[in-house]
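File shown here: query_22.cif, holding mmCIF, C-alpha atoms.
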```cif
data_input
loop_
_atom_site.label_atom_id
_atom_site.label_comp_id
_atom_site.auth_asym_id
_atom_site.auth_seq_id
_atom_site.Cartn_x
_atom_site.Cartn_y
_atom_site.Cartn_z
CA GLN A 1 -11.30 -173.62 -25.67
CA VAL A 2 -8.44 -171.15 -25.78
CA GLN A 3 -7.77 -169.65 -29.18
CA LEU A 4 -5.17 -167.16 -30.29
CA MET A 5 -5.60 -165.59 -33.72
CA GLU A 6 -2.82 -163.52 -35.24
CA SER A 7 -3.28 -161.01 -38.04
CA GLY A 8 -1.46 -158.11 -39.63
CA GLY A 9 1.35 -159.93 -41.34
CA GLY A 10 2.30 -159.16 -44.90
CA SER A 11 5.00 -157.85 -47.12
CA VAL A 12 6.79 -154.61 -46.30
CA GLN A 13 9.83 -152.80 -47.61
CA ALA A 14 12.92 -152.55 -45.47
CA GLY A 15 12.68 -149.66 -43.09
CA GLY A 16 8.91 -149.79 -42.98
CA PRO A 17 6.52 -150.51 -40.12
CA LEU A 18 3.99 -153.24 -39.51
CA ARG A 19 1.60 -153.96 -36.67
CA LEU A 20 0.62 -157.46 -35.69
CA SER A 21 -2.48 -158.24 -33.64
CA CYS A 22 -3.40 -161.28 -31.61
CA VAL A 23 -6.98 -161.75 -30.48
CA VAL A 24 -7.35 -164.13 -27.55
CA SER A 25 -10.58 -165.95 -26.83
CA GLY A 26 -11.66 -168.51 -24.27
CA TYR A 27 -8.72 -167.64 -22.01
CA PRO A 28 -9.88 -167.92 -18.41
CA TYR A 29 -6.72 -166.70 -16.71
CA SER A 30 -6.19 -163.16 -15.47
CA ARG A 31 -2.53 -163.55 -14.55
CA GLY A 32 0.24 -164.59 -16.87
CA CYS A 33 2.41 -163.85 -19.85
CA MET A 34 1.69 -162.98 -23.45
CA GLY A 35 4.49 -163.31 -25.95
CA TRP A 36 5.41 -162.88 -29.56
CA PHE A 37 7.77 -165.38 -31.12
CA ARG A 38 9.13 -165.75 -34.62
CA GLN A 39 10.66 -168.49 -36.68
CA ALA A 40 12.47 -167.90 -39.93
CA SER A 41 12.96 -170.66 -42.44
CA GLY A 42 15.75 -172.97 -41.33
CA LYS A 43 16.17 -171.24 -37.98
CA GLU A 44 15.09 -171.94 -34.43
CA ARG A 45 12.11 -170.23 -32.91
CA GLU A 46 13.04 -166.96 -31.23
CA LYS A 47 11.20 -165.09 -28.51
CA VAL A 48 10.72 -161.52 -29.67
CA ALA A 49 8.83 -159.84 -26.86
CA SER A 50 6.66 -160.53 -23.86
CA ILE A 51 4.23 -158.63 -21.68
CA ASP A 52 2.89 -159.69 -18.34
CA SER A 53 -0.56 -159.09 -16.93
CA SER A 54 0.64 -155.96 -15.10
CA GLY A 55 2.07 -154.48 -18.30
CA GLY A 56 5.72 -155.29 -17.76
CA THR A 57 7.55 -155.83 -21.05
CA ASN A 58 10.70 -157.52 -22.24
CA TYR A 59 12.38 -157.62 -25.64
CA ALA A 60 14.98 -159.60 -27.47
CA ASP A 61 18.15 -157.59 -28.06
CA SER A 62 17.63 -157.87 -31.82
CA VAL A 63 14.36 -155.91 -31.70
CA ASN A 64 14.79 -153.72 -28.63
CA GLY A 65 14.08 -150.13 -29.55
CA ARG A 66 12.29 -151.07 -32.78
CA PHE A 67 9.42 -153.27 -31.61
CA THR A 68 6.76 -152.50 -29.02
CA ILE A 69 4.45 -155.02 -27.42
CA SER A 70 1.20 -153.84 -25.86
CA GLN A 71 -2.14 -155.22 -24.82
CA ASP A 72 -5.72 -154.00 -24.77
CA ASN A 73 -7.50 -156.02 -22.12
CA ALA A 74 -10.91 -154.65 -23.11
CA LYS A 75 -10.39 -156.09 -26.58
CA ASN A 76 -8.53 -159.22 -25.46
CA THR A 77 -5.85 -158.27 -27.94
CA VAL A 78 -2.07 -158.15 -27.85
CA TYR A 79 -0.17 -156.07 -30.38
CA LEU A 80 3.33 -156.05 -31.75
CA GLN A 81 4.22 -152.74 -33.34
CA MET A 82 7.27 -153.20 -35.51
CA ALA A 83 9.35 -150.37 -36.92
CA SER A 84 12.50 -150.10 -39.03
CA LEU A 85 12.02 -153.61 -40.32
CA ASN A 86 14.92 -155.29 -42.05
CA PRO A 87 15.19 -158.55 -44.00
CA GLU A 88 16.42 -160.33 -40.87
CA ASP A 89 12.99 -159.71 -39.31
CA ALA A 90 11.24 -161.78 -41.97
CA ALA A 91 9.65 -164.82 -40.34
CA MET A 92 6.45 -166.46 -39.27
CA TYR A 93 5.32 -164.62 -36.16
CA TYR A 94 3.42 -166.44 -33.45
CA CYS A 95 1.42 -165.18 -30.51
CA ALA A 96 1.51 -167.24 -27.32
CA ALA A 97 -0.02 -167.19 -23.86
CA HIS A 98 1.02 -168.74 -20.59
CA PRO A 99 -0.92 -168.51 -17.33
CA LEU A 100 0.80 -168.04 -14.01
CA ALA A 101 -0.34 -169.09 -10.57
CA ALA A 102 -1.34 -166.37 -8.14
CA TRP A 103 1.84 -166.92 -6.10
CA SER A 104 4.19 -166.79 -9.10
CA SER A 105 6.20 -163.72 -9.83
CA LEU A 106 5.34 -161.87 -13.05
CA ASN A 107 9.08 -161.51 -13.56
CA LEU A 108 8.95 -165.10 -14.81
CA CYS A 109 7.54 -163.73 -18.05
CA ARG A 110 10.83 -162.04 -18.85
CA ASP A 111 12.77 -165.26 -19.41
CA ARG A 112 10.06 -167.81 -20.07
CA LYS A 113 10.23 -169.41 -23.53
CA GLU A 114 7.84 -172.31 -23.04
CA TYR A 115 4.26 -171.17 -23.40
CA THR A 116 1.07 -173.19 -23.09
CA TYR A 117 -1.14 -171.74 -25.80
CA TRP A 118 -0.15 -170.80 -29.34
CA GLY A 119 -1.64 -169.20 -32.38
CA ARG A 120 -1.07 -170.44 -35.91
CA GLY A 121 1.10 -167.56 -36.94
CA THR A 122 1.18 -164.73 -39.42
CA GLN A 123 3.87 -164.34 -42.06
CA VAL A 124 6.04 -161.24 -42.27
CA THR A 125 8.11 -160.65 -45.38
CA VAL A 126 10.61 -157.80 -45.66
CA SER A 127 12.02 -156.82 -49.02
CA SER A 128 15.27 -154.92 -49.35
#
```

Final structure tokens representation of the file:
Amino acid sequence: QVQLMESGGGSVQAGGPLRLSCVVSGYPYSRGCMGWFRQASGKEREKVASIDSSGGTNYADSVNGRFTISQDNAKNTVYLQMASLNPEDAAMYYCAAHPLAAWSSLNLCRDRKEYTYWGRGTQVTVSS
């Protein structure tokens, strides 16, 4: 059974940093995409960042240059390092995973928004 468990959310002052973690278990695929999404109250879900199994990354324009996605395969963990947070970054943050077939290009991770596996989310609050 695939499980994704996010942690690291909390309350932070504007301008501050926060690091989210996502531990993945029971995931049998070696090739695919890992992504971080967020959904603020009353807004649609937004893809924040993604990383493919070769380490290629992609970011939403709203976070590019402030957020960094990374993965530690030995720990089965994906991170989202967030810096210079502002109130517009406040949301529930979700980790997601999507496997890709061996013949599929990893470039698909850049634009993909539909993922197969999801965590339950971790809340980020930013106070001004």

Nearest candidate to Trp118 in chain A (options A:Lys75, A:His98, A:Arg66, A:Arg19; using all atoms listed in the file)
A:His98

Output of the PyMOL selection byres ((chain A and resi 24-31) around 9), listed as a VMD selection string
chain A and resid 1 to 6 22 to 23 32 to 33 52 to 54 75 to 78 97 to 102 106

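Applied to this file, the PyMOL selection byres ((chain A and resi 12) around 10) selects A:Gly9, A:Gly10, A:Ser11, A:Gln13, A:Ala14, A:Gly15, A:Gly16, A:Pro17, A:Leu18, A:Leu85, A:Asn86, A:Pro87, A:Ala90, A:Val124, A:Thr125, A:Val126, A:Ser127, A:Ser128.
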
Pull the neighbourhood of (4.1, -163.8, -33.4) for me: all residues within 6 Å in file coordinates, counting all atoms listed in the file, as a VMD selection string.
chain A and resid 36 to 38 93 to 95 121

Could you tell me how far CA of Thr68 in chain A sits from CA of Ala83 in chain A, in Å to one decimal place?
8.6 Å

Between CA of Gly8 in chain A and CA of Asp111 in chain A, what is the distance in Å, rounded to a tenth?
25.7 Å

Box along x, y and z, 3 Å on every side, all listed atoms of range 28-41 of chain A inside: centre and edge lengths in Å to one decimal, as lines of an AutoDock Vina configuration file.
```
center_x = 1.5
center_y = -166.8
center_z = -28.5
size_x = 28.8
size_y = 13.8
size_z = 33.9
```

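Each of A:Leu108, A:Glu88, A:Tyr79, A:Ala40 was checked against Ser62 in chain A using all atoms listed in the file; the smallest atom-to-atom distance is that of A:Glu88.
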
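What separates CA of Gly119 in chain A from CA of Lys47 in chain A is a distance of 14.0 Å.
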
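The smallest atom-to-atom distance between Asn58 in chain A and any of A:Ala74, A:Arg112, A:Tyr117, A:Met92, using all atoms listed in the file, is found for A:Arg112.
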
Nearest to Ala96 in chain A, restricted to all atoms listed in the file and choosing among A:Asn64, A:Ser84, A:Ser50, A:Ser70, comes out as A:Ser50

Quick one: residues within 6 Å of Ser7 in chain A, only C-alpha atoms counted, chain neighbours fewer than 5 positions away excluded, as an NGL selection string?
:A and (20-21 or 122)

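Of the residues listed (A:Arg120, A:Arg110, A:Asp89, A:Tyr115), A:Asp89 shows the shortest atom-to-atom separation from Ser41 in chain A; distances use all atoms listed in the file.
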
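Proximity ranking of A:Asp61, A:Val48, A:Gly55, A:Lys43 relative to Asn73 in chain A places A:Gly55 first, based on all atoms listed in the file.
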